[in-house]
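Chemist: Structure file work-v3.pdb, PDB, N, CA and C atoms, is pasted below:
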MODEL        1
ATOM      1  N   MET A  29     -44.488  -0.949  31.590
ATOM      2  CA  MET A  29     -45.416  -1.838  32.246
ATOM      3  C   MET A  29     -46.541  -2.153  31.271
ATOM      4  N   ALA A  30     -46.883  -3.387  31.173
ATOM      5  CA  ALA A  30     -47.960  -3.814  30.280
ATOM      6  C   ALA A  30     -49.299  -3.344  30.831
ATOM      7  N   GLU A  31     -50.295  -3.296  29.971
ATOM      8  CA  GLU A  31     -51.613  -2.795  30.358
ATOM      9  C   GLU A  31     -52.209  -3.561  31.539
ATOM     10  N   GLY A  32     -51.977  -4.869  31.633
ATOM     11  CA  GLY A  32     -52.518  -5.686  32.708
ATOM     12  C   GLY A  32     -51.741  -5.571  34.005
ATOM     13  N   ASP A  33     -50.646  -4.850  33.998
ATOM     14  CA  ASP A  33     -49.795  -4.737  35.176
ATOM     15  C   ASP A  33     -50.146  -3.512  36.013
ATOM     16  N   VAL A  34     -51.388  -3.419  36.440
ATOM     17  CA  VAL A  34     -51.848  -2.307  37.251
ATOM     18  C   VAL A  34     -51.348  -2.498  38.679
ATOM     19  N   ALA A  35     -50.862  -1.423  39.290
ATOM     20  CA  ALA A  35     -50.456  -1.503  40.696
ATOM     21  C   ALA A  35     -51.671  -1.891  41.527
ATOM     22  N   THR A  36     -51.482  -2.886  42.406
ATOM     23  CA  THR A  36     -52.585  -3.438  43.188
ATOM     24  C   THR A  36     -52.152  -3.618  44.634
ATOM     25  N   LEU A  37     -52.983  -3.130  45.552
ATOM     26  CA  LEU A  37     -52.752  -3.349  46.969
ATOM     27  C   LEU A  37     -53.388  -4.676  47.354
ATOM     28  N   VAL A  38     -52.601  -5.559  47.934
ATOM     29  CA  VAL A  38     -53.079  -6.880  48.353
ATOM     30  C   VAL A  38     -53.151  -6.902  49.880
ATOM     31  N   LEU A  39     -54.356  -7.125  50.400
ATOM     32  CA  LEU A  39     -54.594  -7.158  51.845
ATOM     33  C   LEU A  39     -55.287  -8.461  52.211
ATOM     34  N   ALA A  40     -54.765  -9.148  53.205
ATOM     35  CA  ALA A  40     -55.365 -10.409  53.635
ATOM     36  C   ALA A  40     -56.541 -10.193  54.576
ATOM     37  N   SER A  41     -56.496  -9.102  55.343
ATOM     38  CA  SER A  41     -57.530  -8.930  56.369
ATOM     39  C   SER A  41     -57.732  -7.462  56.716
ATOM     40  N   ASN A  42     -58.822  -7.212  57.397
ATOM     41  CA  ASN A  42     -59.089  -5.874  57.915
ATOM     42  C   ASN A  42     -58.018  -5.476  58.927
ATOM     43  N   ASP A  43     -57.501  -6.436  59.684
ATOM     44  CA  ASP A  43     -56.446  -6.147  60.664
ATOM     45  C   ASP A  43     -55.229  -5.526  59.976
ATOM     46  N   GLU A  44     -54.852  -6.070  58.820
ATOM     47  CA  GLU A  44     -53.721  -5.508  58.086
ATOM     48  C   GLU A  44     -54.025  -4.079  57.649
ATOM     49  N   ALA A  45     -55.222  -3.869  57.147
ATOM     50  CA  ALA A  45     -55.613  -2.530  56.681
ATOM     51  C   ALA A  45     -55.583  -1.525  57.834
ATOM     52  N   ILE A  46     -56.113  -1.915  58.979
ATOM     53  CA  ILE A  46     -56.143  -1.024  60.143
ATOM     54  C   ILE A  46     -54.719  -0.725  60.608
ATOM     55  N   ALA A  47     -53.836  -1.709  60.558
ATOM     56  CA  ALA A  47     -52.445  -1.492  60.946
ATOM     57  C   ALA A  47     -51.776  -0.476  60.018
ATOM     58  N   ILE A  48     -52.069  -0.559  58.730
ATOM     59  CA  ILE A  48     -51.490   0.384  57.763
ATOM     60  C   ILE A  48     -52.043   1.785  58.010
ATOM     61  N   LEU A  49     -53.354   1.895  58.203
ATOM     62  CA  LEU A  49     -53.953   3.200  58.485
ATOM     63  C   LEU A  49     -53.389   3.806  59.766
ATOM     64  N   SER A  50     -53.212   2.998  60.775
ATOM     65  CA  SER A  50     -52.648   3.467  62.037
ATOM     66  C   SER A  50     -51.213   3.961  61.830
ATOM     67  N   MET A  51     -50.451   3.227  61.038
ATOM     68  CA  MET A  51     -49.085   3.636  60.747
ATOM     69  C   MET A  51     -49.084   4.968  60.004
ATOM     70  N   MET A  52     -49.990   5.126  59.056
ATOM     71  CA  MET A  52     -50.073   6.379  58.299
ATOM     72  C   MET A  52     -50.384   7.554  59.228
ATOM     73  N   GLU A  53     -51.297   7.347  60.169
ATOM     74  CA  GLU A  53     -51.626   8.398  61.119
ATOM     75  C   GLU A  53     -50.412   8.755  61.967
ATOM     76  N   GLY A  54     -49.657   7.739  62.371
ATOM     77  CA  GLY A  54     -48.427   7.987  63.129
ATOM     78  C   GLY A  54     -47.397   8.747  62.304
ATOM     79  N   MET A  55     -47.276   8.392  61.035
ATOM     80  CA  MET A  55     -46.342   9.094  60.156
ATOM     81  C   MET A  55     -46.761  10.551  59.976
ATOM     82  N   LEU A  56     -48.068  10.792  59.876
ATOM     83  CA  LEU A  56     -48.566  12.173  59.775
ATOM     84  C   LEU A  56     -48.256  12.960  61.051
ATOM     85  N   ASP A  57     -48.388  12.316  62.206
ATOM     86  CA  ASP A  57     -48.064  12.976  63.479
ATOM     87  C   ASP A  57     -46.590  13.356  63.536
ATOM     88  N   VAL A  58     -45.727  12.489  63.045
ATOM     89  CA  VAL A  58     -44.284  12.780  63.033
ATOM     90  C   VAL A  58     -44.005  13.981  62.140
ATOM     91  N   LEU A  59     -44.621  14.005  60.965
ATOM     92  CA  LEU A  59     -44.428  15.149  60.070
ATOM     93  C   LEU A  59     -44.917  16.438  60.730
ATOM     94  N   LYS A  60     -46.055  16.364  61.428
ATOM     95  CA  LYS A  60     -46.583  17.537  62.115
ATOM     96  C   LYS A  60     -45.630  17.984  63.218
ATOM     97  N   ASP A  61     -45.122  17.022  63.999
ATOM     98  CA  ASP A  61     -44.181  17.344  65.077
ATOM     99  C   ASP A  61     -42.913  17.996  64.534
ATOM    100  N   ASP A  62     -42.540  17.633  63.320
ATOM    101  CA  ASP A  62     -41.341  18.196  62.692
ATOM    102  C   ASP A  62     -41.642  19.499  61.946
ATOM    103  N   GLY A  63     -42.872  19.995  62.050
ATOM    104  CA  GLY A  63     -43.249  21.230  61.383
ATOM    105  C   GLY A  63     -43.469  21.071  59.891
ATOM    106  N   LEU A  64     -43.742  19.839  59.447
ATOM    107  CA  LEU A  64     -43.883  19.553  58.025
ATOM    108  C   LEU A  64     -45.316  19.195  57.639
ATOM    109  N   GLN A  65     -46.303  19.647  58.439
ATOM    110  CA  GLN A  65     -47.689  19.292  58.162
ATOM    111  C   GLN A  65     -48.196  19.863  56.845
ATOM    112  N   ASN A  66     -47.543  20.854  56.294
ATOM    113  CA  ASN A  66     -47.968  21.430  55.009
ATOM    114  C   ASN A  66     -47.030  21.050  53.867
ATOM    115  N   SER A  67     -46.191  20.048  54.090
ATOM    116  CA  SER A  67     -45.235  19.624  53.071
ATOM    117  C   SER A  67     -45.913  18.729  52.031
ATOM    118  N   SER A  68     -45.240  18.558  50.909
ATOM    119  CA  SER A  68     -45.788  17.663  49.879
ATOM    120  C   SER A  68     -45.850  16.226  50.396
ATOM    121  N   ASP A  69     -44.890  15.816  51.226
ATOM    122  CA  ASP A  69     -44.936  14.460  51.799
ATOM    123  C   ASP A  69     -46.190  14.284  52.649
ATOM    124  N   SER A  70     -46.497  15.281  53.451
ATOM    125  CA  SER A  70     -47.683  15.206  54.300
ATOM    126  C   SER A  70     -48.961  15.155  53.457
ATOM    127  N   GLU A  71     -49.019  15.965  52.419
ATOM    128  CA  GLU A  71     -50.188  15.965  51.536
ATOM    129  C   GLU A  71     -50.341  14.630  50.813
ATOM    130  N   ASP A  72     -49.227  14.066  50.337
ATOM    131  CA  ASP A  72     -49.268  12.782  49.643
ATOM    132  C   ASP A  72     -49.678  11.656  50.598
ATOM    133  N   LEU A  73     -49.152  11.694  51.807
ATOM    134  CA  LEU A  73     -49.489  10.677  52.805
ATOM    135  C   LEU A  73     -50.961  10.771  53.184
ATOM    136  N   GLU A  74     -51.463  11.972  53.385
ATOM    137  CA  GLU A  74     -52.877  12.142  53.736
ATOM    138  C   GLU A  74     -53.779  11.678  52.594
ATOM    139  N   ALA A  75     -53.408  11.989  51.358
ATOM    140  CA  ALA A  75     -54.203  11.547  50.205
ATOM    141  C   ALA A  75     -54.244  10.020  50.134
ATOM    142  N   ALA A  76     -53.112   9.366  50.388
ATOM    143  CA  ALA A  76     -53.061   7.902  50.371
ATOM    144  C   ALA A  76     -53.883   7.326  51.518
ATOM    145  N   ARG A  77     -53.848   7.966  52.678
ATOM    146  CA  ARG A  77     -54.615   7.499  53.834
ATOM    147  C   ARG A  77     -56.119   7.591  53.557
ATOM    148  N   VAL A  78     -56.544   8.713  53.002
ATOM    149  CA  VAL A  78     -57.959   8.899  52.684
ATOM    150  C   VAL A  78     -58.391   7.882  51.631
ATOM    151  N   TRP A  79     -57.565   7.684  50.621
ATOM    152  CA  TRP A  79     -57.884   6.715  49.564
ATOM    153  C   TRP A  79     -58.067   5.321  50.178
ATOM    154  N   LEU A  80     -57.112   4.901  51.018
ATOM    155  CA  LEU A  80     -57.201   3.570  51.619
ATOM    156  C   LEU A  80     -58.460   3.454  52.474
ATOM    157  N   SER A  81     -58.767   4.456  53.260
ATOM    158  CA  SER A  81     -59.978   4.433  54.086
ATOM    159  C   SER A  81     -61.222   4.231  53.232
ATOM    160  N   GLU A  82     -61.295   4.952  52.126
ATOM    161  CA  GLU A  82     -62.451   4.835  51.237
ATOM    162  C   GLU A  82     -62.520   3.456  50.575
ATOM    163  N   MET A  83     -61.382   2.919  50.167
ATOM    164  CA  MET A  83     -61.350   1.621  49.494
ATOM    165  C   MET A  83     -61.768   0.492  50.431
ATOM    166  N   LEU A  84     -61.467   0.625  51.711
ATOM    167  CA  LEU A  84     -61.811  -0.431  52.670
ATOM    168  C   LEU A  84     -63.310  -0.598  52.830
ATOM    169  N   GLU A  85     -64.055   0.464  52.564
ATOM    170  CA  GLU A  85     -65.511   0.376  52.638
ATOM    171  C   GLU A  85     -66.098  -0.335  51.422
ATOM    172  N   LEU A  86     -65.318  -0.427  50.347
ATOM    173  CA  LEU A  86     -65.824  -0.979  49.088
ATOM    174  C   LEU A  86     -65.385  -2.417  48.798
ATOM    175  N   HIS A  87     -64.330  -2.875  49.472
ATOM    176  CA  HIS A  87     -63.748  -4.176  49.121
ATOM    177  C   HIS A  87     -63.770  -5.141  50.301
ATOM    178  N   PRO A  88     -64.315  -6.348  50.098
ATOM    179  CA  PRO A  88     -64.261  -7.380  51.137
ATOM    180  C   PRO A  88     -62.859  -8.002  51.190
ATOM    181  N   PHE A  89     -62.590  -8.689  52.282
ATOM    182  CA  PHE A  89     -61.273  -9.328  52.448
ATOM    183  C   PHE A  89     -61.371 -10.810  52.167
ATOM    184  N   PRO A  90     -60.315 -11.409  51.658
ATOM    185  CA  PRO A  90     -59.066 -10.762  51.234
ATOM    186  C   PRO A  90     -59.332  -9.844  50.044
ATOM    187  N   ALA A  91     -58.535  -8.776  49.956
ATOM    188  CA  ALA A  91     -58.775  -7.752  48.939
ATOM    189  C   ALA A  91     -57.577  -7.567  48.022
ATOM    190  N   GLN A  92     -57.885  -7.320  46.769
ATOM    191  CA  GLN A  92     -56.899  -6.906  45.781
ATOM    192  C   GLN A  92     -57.464  -5.626  45.173
ATOM    193  N   ILE A  93     -56.896  -4.492  45.587
ATOM    194  CA  ILE A  93     -57.457  -3.190  45.249
ATOM    195  C   ILE A  93     -56.563  -2.479  44.241
ATOM    196  N   PRO A  94     -57.076  -2.204  43.039
ATOM    197  CA  PRO A  94     -56.299  -1.426  42.068
ATOM    198  C   PRO A  94     -55.984  -0.050  42.670
ATOM    199  N   ILE A  95     -54.735   0.344  42.570
ATOM    200  CA  ILE A  95     -54.294   1.593  43.191
ATOM    201  C   ILE A  95     -54.461   2.750  42.226
ATOM    202  N   GLU A  96     -55.228   3.729  42.674
ATOM    203  CA  GLU A  96     -55.471   4.932  41.892
ATOM    204  C   GLU A  96     -54.853   6.116  42.613
ATOM    205  N   LEU A  97     -53.520   6.097  42.717
ATOM    206  CA  LEU A  97     -52.779   7.136  43.406
ATOM    207  C   LEU A  97     -51.643   7.625  42.515
ATOM    208  N   SER A  98     -51.203   8.848  42.753
ATOM    209  CA  SER A  98     -50.022   9.353  42.046
ATOM    210  C   SER A  98     -48.798   8.554  42.497
ATOM    211  N   ALA A  99     -47.707   8.704  41.793
ATOM    212  CA  ALA A  99     -46.470   7.994  42.156
ATOM    213  C   ALA A  99     -46.042   8.362  43.576
ATOM    214  N   ALA A 100     -46.131   9.635  43.935
ATOM    215  CA  ALA A 100     -45.723  10.075  45.273
ATOM    216  C   ALA A 100     -46.653   9.518  46.343
ATOM    217  N   GLU A 101     -47.952   9.510  46.075
ATOM    218  CA  GLU A 101     -48.916   8.964  47.031
ATOM    219  C   GLU A 101     -48.727   7.465  47.194
ATOM    220  N   GLN A 102     -48.470   6.786  46.082
ATOM    221  CA  GLN A 102     -48.244   5.340  46.134
ATOM    222  C   GLN A 102     -46.976   5.030  46.933
ATOM    223  N   THR A 103     -45.981   5.904  46.819
ATOM    224  CA  THR A 103     -44.749   5.736  47.581
ATOM    225  C   THR A 103     -45.028   5.839  49.078
ATOM    226  N   MET A 104     -45.873   6.767  49.469
ATOM    227  CA  MET A 104     -46.226   6.915  50.886
ATOM    228  C   MET A 104     -46.972   5.676  51.386
ATOM    229  N   LEU A 105     -47.853   5.123  50.575
ATOM    230  CA  LEU A 105     -48.550   3.897  50.929
ATOM    231  C   LEU A 105     -47.548   2.757  51.110
ATOM    232  N   ARG A 106     -46.626   2.636  50.165
ATOM    233  CA  ARG A 106     -45.602   1.583  50.267
ATOM    234  C   ARG A 106     -44.760   1.764  51.520
ATOM    235  N   ASN A 107     -44.404   3.012  51.855
ATOM    236  CA  ASN A 107     -43.599   3.262  53.053
ATOM    237  C   ASN A 107     -44.342   2.845  54.320
ATOM    238  N   ALA A 108     -45.641   3.127  54.378
ATOM    239  CA  ALA A 108     -46.432   2.735  55.550
ATOM    240  C   ALA A 108     -46.496   1.217  55.667
ATOM    241  N   ILE A 109     -46.698   0.534  54.545
ATOM    242  CA  ILE A 109     -46.726  -0.930  54.544
ATOM    243  C   ILE A 109     -45.390  -1.479  55.027
ATOM    244  N   SER A 110     -44.314  -0.906  54.541
ATOM    245  CA  SER A 110     -42.972  -1.340  54.933
ATOM    246  C   SER A 110     -42.736  -1.128  56.427
ATOM    247  N   ASN A 111     -43.196   0.008  56.948
ATOM    248  CA  ASN A 111     -43.016   0.290  58.373
ATOM    249  C   ASN A 111     -43.770  -0.708  59.243
ATOM    250  N   VAL A 112     -44.979  -1.087  58.836
ATOM    251  CA  VAL A 112     -45.729  -2.090  59.598
ATOM    252  C   VAL A 112     -45.028  -3.436  59.488
ATOM    253  N   SER A 113     -44.610  -3.782  58.283
ATOM    254  CA  SER A 113     -43.927  -5.059  58.060
ATOM    255  C   SER A 113     -42.654  -5.164  58.900
ATOM    256  N   ASP A 114     -41.959  -4.041  59.072
ATOM    257  CA  ASP A 114     -40.722  -4.023  59.859
ATOM    258  C   ASP A 114     -40.957  -4.338  61.327
ATOM    259  N   GLN A 115     -42.211  -4.239  61.777
ATOM    260  CA  GLN A 115     -42.528  -4.556  63.164
ATOM    261  C   GLN A 115     -42.560  -6.069  63.402
ATOM    262  N   GLY A 116     -42.473  -6.837  62.326
ATOM    263  CA  GLY A 116     -42.381  -8.292  62.432
ATOM    264  C   GLY A 116     -43.553  -8.913  63.149
ATOM    265  N   GLU A 117     -43.265  -9.824  64.069
ATOM    266  CA  GLU A 117     -44.313 -10.594  64.728
ATOM    267  C   GLU A 117     -45.205  -9.750  65.633
ATOM    268  N   PHE A 118     -44.829  -8.502  65.873
ATOM    269  CA  PHE A 118     -45.601  -7.664  66.785
ATOM    270  C   PHE A 118     -46.524  -6.692  66.053
ATOM    271  N   TRP A 119     -46.658  -6.861  64.742
ATOM    272  CA  TRP A 119     -47.384  -5.881  63.948
ATOM    273  C   TRP A 119     -48.820  -5.662  64.374
ATOM    274  N   ASP A 120     -49.506  -6.694  64.875
ATOM    275  CA  ASP A 120     -50.935  -6.536  65.162
ATOM    276  C   ASP A 120     -51.262  -6.416  66.644
ATOM    277  N   ASP A 121     -50.240  -6.452  67.493
ATOM    278  CA  ASP A 121     -50.428  -6.261  68.933
ATOM    279  C   ASP A 121     -51.443  -7.199  69.565
ATOM    280  N   VAL A 122     -51.651  -8.367  69.013
ATOM    281  CA  VAL A 122     -52.560  -9.342  69.592
ATOM    282  C   VAL A 122     -51.714 -10.442  70.236
ATOM    283  N   GLU A 123     -51.853 -10.590  71.534
ATOM    284  CA  GLU A 123     -51.059 -11.603  72.229
ATOM    285  C   GLU A 123     -51.346 -12.984  71.678
ATOM    286  N   GLY A 124     -50.275 -13.707  71.393
ATOM    287  CA  GLY A 124     -50.411 -15.068  70.913
ATOM    288  C   GLY A 124     -50.720 -15.164  69.430
ATOM    289  N   SER A 125     -50.845 -14.054  68.763
ATOM    290  CA  SER A 125     -51.147 -14.086  67.332
ATOM    291  C   SER A 125     -49.914 -14.524  66.558
ATOM    292  N   GLU A 126     -50.133 -15.401  65.619
ATOM    293  CA  GLU A 126     -49.027 -15.849  64.781
ATOM    294  C   GLU A 126     -49.302 -15.541  63.320
ATOM    295  N   LYS A 127     -50.188 -14.580  63.061
ATOM    296  CA  LYS A 127     -50.501 -14.209  61.695
ATOM    297  C   LYS A 127     -49.346 -13.422  61.098
ATOM    298  N   ALA A 128     -48.970 -13.803  59.913
ATOM    299  CA  ALA A 128     -47.929 -13.059  59.207
ATOM    300  C   ALA A 128     -48.540 -11.821  58.579
ATOM    301  N   PHE A 129     -47.777 -10.751  58.513
ATOM    302  CA  PHE A 129     -48.221  -9.538  57.823
ATOM    303  C   PHE A 129     -47.888  -9.733  56.354
ATOM    304  N   THR A 130     -48.897  -9.807  55.532
ATOM    305  CA  THR A 130     -48.692 -10.143  54.123
ATOM    306  C   THR A 130     -49.039  -9.020  53.165
ATOM    307  N   ALA A 131     -49.538  -7.885  53.676
ATOM    308  CA  ALA A 131     -49.936  -6.776  52.802
ATOM    309  C   ALA A 131     -48.750  -6.349  51.942
ATOM    310  N   HIS A 132     -49.045  -6.086  50.675
ATOM    311  CA  HIS A 132     -47.994  -5.633  49.761
ATOM    312  C   HIS A 132     -48.628  -5.015  48.524
ATOM    313  N   ILE A 133     -47.791  -4.381  47.725
ATOM    314  CA  ILE A 133     -48.243  -3.802  46.473
ATOM    315  C   ILE A 133     -47.650  -4.615  45.338
ATOM    316  N   GLU A 134     -48.514  -5.142  44.497
ATOM    317  CA  GLU A 134     -48.057  -5.835  43.285
ATOM    318  C   GLU A 134     -47.946  -4.813  42.164
ATOM    319  N   ASN A 135     -46.954  -4.980  41.320
ATOM    320  CA  ASN A 135     -46.736  -4.091  40.175
ATOM    321  C   ASN A 135     -46.572  -2.638  40.617
ATOM    322  N   TYR A 136     -45.807  -2.435  41.685
ATOM    323  CA  TYR A 136     -45.564  -1.099  42.221
ATOM    324  C   TYR A 136     -45.104  -0.156  41.123
ATOM    325  N   SER A 137     -45.725   1.015  41.053
ATOM    326  CA  SER A 137     -45.353   1.978  40.008
ATOM    327  C   SER A 137     -45.098   3.367  40.595
ATOM    328  N   GLY A 138     -44.820   3.420  41.886
ATOM    329  CA  GLY A 138     -44.524   4.701  42.527
ATOM    330  C   GLY A 138     -43.088   5.110  42.309
ATOM    331  N   ASN A 139     -42.633   6.035  43.124
ATOM    332  CA  ASN A 139     -41.262   6.514  43.023
ATOM    333  C   ASN A 139     -40.296   5.424  43.481
ATOM    334  N   PRO A 140     -39.123   5.364  42.872
ATOM    335  CA  PRO A 140     -38.140   4.337  43.273
ATOM    336  C   PRO A 140     -37.688   4.496  44.704
TER     337      PRO A 140
ENDMDL
END
Could you write out this structure as structure tokens?

Modeler:
Amino acid sequence: MAEGDVATLVLASNDEAIAILSMMEGMLDVLKDDGLQNSSDSEDLEAARVWLSEMLELHPFPAQIPIELSAAEQTMLRNAISNVSDQGEFWDDVEGSEKAFTAHIENYSGNP
């Protein structure tokens, strides 16, 4: 990857960010229910969740946030984004909303 190809989280709105954070919390609950609250996946997911929460206080929307996470943490962030995206038109739970979910990671450098 070239020097300018830094992994970047692209968020169109606070709604997208909140949806991702909510998904991460749900994923953490599933890991806890499965007895995996002390697993490396749980630790990586929590680190990514905390990072995203902190970044949202620093960046206005639309946001392009350079990702400062390990490969495993970045993978957990990507998984949460994918899970929200998989919800399709219902991602934001707002009746009549036709906003597309556009959050994504450019120059992803996490685990394959």

Chemist: Within 7 Å of (-57.1, 10.6, 58.4) (coordinates as in the file), grab all the protein and nucleic acid residues, counting only N, CA and C atoms, and write them out as a PDB file with N, CA and C atoms, in the coordinates of the input.

Modeler:
ATOM      1  N   GLU A  53     -51.297   7.347  60.169  1.00  0.00           N
ATOM      2  CA  GLU A  53     -51.626   8.398  61.119  1.00  0.00           C
ATOM      3  C   GLU A  53     -50.412   8.755  61.967  1.00  0.00           C
ATOM      4  N   GLU A  74     -51.463  11.972  53.385  1.00  0.00           N
ATOM      5  CA  GLU A  74     -52.877  12.142  53.736  1.00  0.00           C
ATOM      6  C   GLU A  74     -53.779  11.678  52.594  1.00  0.00           C
ATOM      7  N   ARG A  77     -53.848   7.966  52.678  1.00  0.00           N
ATOM      8  CA  ARG A  77     -54.615   7.499  53.834  1.00  0.00           C
ATOM      9  C   ARG A  77     -56.119   7.591  53.557  1.00  0.00           C
ATOM     10  N   VAL A  78     -56.544   8.713  53.002  1.00  0.00           N
ATOM     11  CA  VAL A  78     -57.959   8.899  52.684  1.00  0.00           C
ATOM     12  C   VAL A  78     -58.391   7.882  51.631  1.00  0.00           C
TER      13      VAL A  78
END

Chemist: Looking at A:Met83, A:Ser113, A:Ser50, A:Leu105, which one is nearest to Ile133 (chain A), with distances taken over only C-alpha atoms?

Modeler: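 Nearest to Ile133 (chain A): A:Leu105.
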
Chemist: Please list as JSON, numbers by chain every residue within 8 Å of Ala47 (chain A), counting all atoms listed in the file and excluding residues in the same chain fewer than 3 positions away.

Modeler: {"A": [41, 42, 43, 44, 50, 51, 52, 53, 108, 109, 112, 119, 120]}

Chemist: Counting only N, CA and C atoms, what is within 8 Å of Ala75 (chain A), bar same-chain residues fewer than 6 positions away, as a PyMOL selection string?

Modeler: chain A and resi 69+81+97+101-102

Chemist: Expressed in Å to a single decimal, how great is the separation between atom C of Asn139 (chain A) and atom N of Ala40 (chain A)?

Modeler: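 Interatomic distance, atom C of Asn139 (chain A) to atom N of Ala40 (chain A): 22.7 Å.
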
Chemist: So what do you get for CA of Ala35 (chain A) versus CA of Pro94 (chain A), distance-wise?

Modeler: 6.0 Å

Chemist: For CA of Glu134 (chain A) and CA of Asp33 (chain A), determine how far apart the two atoms are, in Å to one decimal place.

Modeler: 8.4 Å

Chemist: Between A:Pro140, A:Gln115, A:Ile95, A:Leu80, single out the one closest to Ala45 (chain A), counting only N, CA and C atoms.

Modeler: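 Checking each candidate against Ala45 (chain A), we get A:Leu80 as the closest.
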
Chemist: Select, from A:Ile48, A:Thr36, A:Lys127, A:Leu56, the residue with the minimum atom-to-atom distance to Ser110 (chain A), counting all atoms listed in the file.

Modeler: A:Ile48

Chemist: Measuring atom to atom with only C-alpha atoms, identify which of A:Ser70, A:Ser137, A:Thr130, A:Asn111 is nearest to Val58 (chain A).

Modeler: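 Of the candidates, the smallest distance to Val58 (chain A) is held by A:Ser70.
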
Chemist: I'd like to know which residues of chain A are helix (DSSP H, G or I) (by DSSP, run on the backbone); could you write them as a PyMOL selection string?

Modeler: chain A and resi 42-61+68-84+99-113+116-118

Chemist: I need the residues in chain A that are strand (DSSP E or B) according to DSSP; give them as a PDB file with N, CA and C atoms, in the frame of the given file.

Modeler:
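Once everything was written out, this is selection.pdb:
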ATOM      1  N   THR A  36     -51.482  -2.886  42.406  1.00  0.00           N
ATOM      2  CA  THR A  36     -52.585  -3.438  43.188  1.00  0.00           C
ATOM      3  C   THR A  36     -52.152  -3.618  44.634  1.00  0.00           C
ATOM      4  N   LEU A  37     -52.983  -3.130  45.552  1.00  0.00           N
ATOM      5  CA  LEU A  37     -52.752  -3.349  46.969  1.00  0.00           C
ATOM      6  C   LEU A  37     -53.388  -4.676  47.354  1.00  0.00           C
ATOM      7  N   VAL A  38     -52.601  -5.559  47.934  1.00  0.00           N
ATOM      8  CA  VAL A  38     -53.079  -6.880  48.353  1.00  0.00           C
ATOM      9  C   VAL A  38     -53.151  -6.902  49.880  1.00  0.00           C
ATOM     10  N   LEU A  39     -54.356  -7.125  50.400  1.00  0.00           N
ATOM     11  CA  LEU A  39     -54.594  -7.158  51.845  1.00  0.00           C
ATOM     12  C   LEU A  39     -55.287  -8.461  52.211  1.00  0.00           C
ATOM     13  N   ALA A  91     -58.535  -8.776  49.956  1.00  0.00           N
ATOM     14  CA  ALA A  91     -58.775  -7.752  48.939  1.00  0.00           C
ATOM     15  C   ALA A  91     -57.577  -7.567  48.022  1.00  0.00           C
ATOM     16  N   GLN A  92     -57.885  -7.320  46.769  1.00  0.00           N
ATOM     17  CA  GLN A  92     -56.899  -6.906  45.781  1.00  0.00           C
ATOM     18  C   GLN A  92     -57.464  -5.626  45.173  1.00  0.00           C
ATOM     19  N   ILE A  93     -56.896  -4.492  45.587  1.00  0.00           N
ATOM     20  CA  ILE A  93     -57.457  -3.190  45.249  1.00  0.00           C
ATOM     21  C   ILE A  93     -56.563  -2.479  44.241  1.00  0.00           C
ATOM     22  N   PRO A  94     -57.076  -2.204  43.039  1.00  0.00           N
ATOM     23  CA  PRO A  94     -56.299  -1.426  42.068  1.00  0.00           C
ATOM     24  C   PRO A  94     -55.984  -0.050  42.670  1.00  0.00           C
ATOM     25  N   HIS A 132     -49.045  -6.086  50.675  1.00  0.00           N
ATOM     26  CA  HIS A 132     -47.994  -5.633  49.761  1.00  0.00           C
ATOM     27  C   HIS A 132     -48.628  -5.015  48.524  1.00  0.00           C
ATOM     28  N   ILE A 133     -47.791  -4.381  47.725  1.00  0.00           N
ATOM     29  CA  ILE A 133     -48.243  -3.802  46.473  1.00  0.00           C
ATOM     30  C   ILE A 133     -47.650  -4.615  45.338  1.00  0.00           C
ATOM     31  N   GLU A 134     -48.514  -5.142  44.497  1.00  0.00           N
ATOM     32  CA  GLU A 134     -48.057  -5.835  43.285  1.00  0.00           C
ATOM     33  C   GLU A 134     -47.946  -4.813  42.164  1.00  0.00           C
TER      34      GLU A 134
END

Chemist: Check the smallest atom-to-atom distance from each of A:Leu86, A:Val34, A:Met55, A:Leu39 to Ala131 (chain A) using only N, CA and C atoms, then report the winner.

Modeler: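 Comparing A:Leu86, A:Val34, A:Met55, A:Leu39 against Ala131 (chain A), the winner is A:Leu39.
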
Chemist: Listed atoms of region 43-56 of chain A, axis-aligned box, 5 Å per side: centre and edge lengths to one decimal in Å, as AutoDock Vina command-line options?

Modeler:
--center_x -51.9 --center_y 3.3 --center_z 59.9 --size_x 21.2 --size_y 29.4 --size_z 16.4

Chemist: Please determine, counting only C-alpha atoms, which residue among A:Asp61, A:Glu71, A:Ile46, A:Ala76 has the shortest atom-to-atom distance to Arg106 (chain A).

Modeler: A:Ala76

Chemist: Please return region 129-133 of chain A, rebuilt to N, CA, C and O atoms, as a PDB file, in the frame of the given file.

Modeler:
ATOM      1  N   PHE A 129     -47.777 -10.751  58.513  1.00  0.00           N
ATOM      2  CA  PHE A 129     -48.221  -9.538  57.823  1.00  0.00           C
ATOM      3  C   PHE A 129     -47.888  -9.733  56.354  1.00  0.00           C
ATOM      4  O   PHE A 129     -46.724  -9.832  55.979  1.00  0.00           O
ATOM      5  N   THR A 130     -48.897  -9.807  55.532  1.00  0.00           N
ATOM      6  CA  THR A 130     -48.692 -10.143  54.123  1.00  0.00           C
ATOM      7  C   THR A 130     -49.039  -9.020  53.165  1.00  0.00           C
ATOM      8  O   THR A 130     -48.888  -9.174  51.953  1.00  0.00           O
ATOM      9  N   ALA A 131     -49.538  -7.885  53.676  1.00  0.00           N
ATOM     10  CA  ALA A 131     -49.936  -6.776  52.802  1.00  0.00           C
ATOM     11  C   ALA A 131     -48.750  -6.349  51.942  1.00  0.00           C
ATOM     12  O   ALA A 131     -47.622  -6.257  52.418  1.00  0.00           O
ATOM     13  N   HIS A 132     -49.045  -6.086  50.675  1.00  0.00           N
ATOM     14  CA  HIS A 132     -47.994  -5.633  49.761  1.00  0.00           C
ATOM     15  C   HIS A 132     -48.628  -5.015  48.524  1.00  0.00           C
ATOM     16  O   HIS A 132     -49.832  -5.112  48.317  1.00  0.00           O
ATOM     17  N   ILE A 133     -47.791  -4.381  47.725  1.00  0.00           N
ATOM     18  CA  ILE A 133     -48.243  -3.802  46.473  1.00  0.00           C
ATOM     19  C   ILE A 133     -47.650  -4.615  45.338  1.00  0.00           C
ATOM     20  O   ILE A 133     -46.431  -4.762  45.247  1.00  0.00           O
TER      21      ILE A 133
END
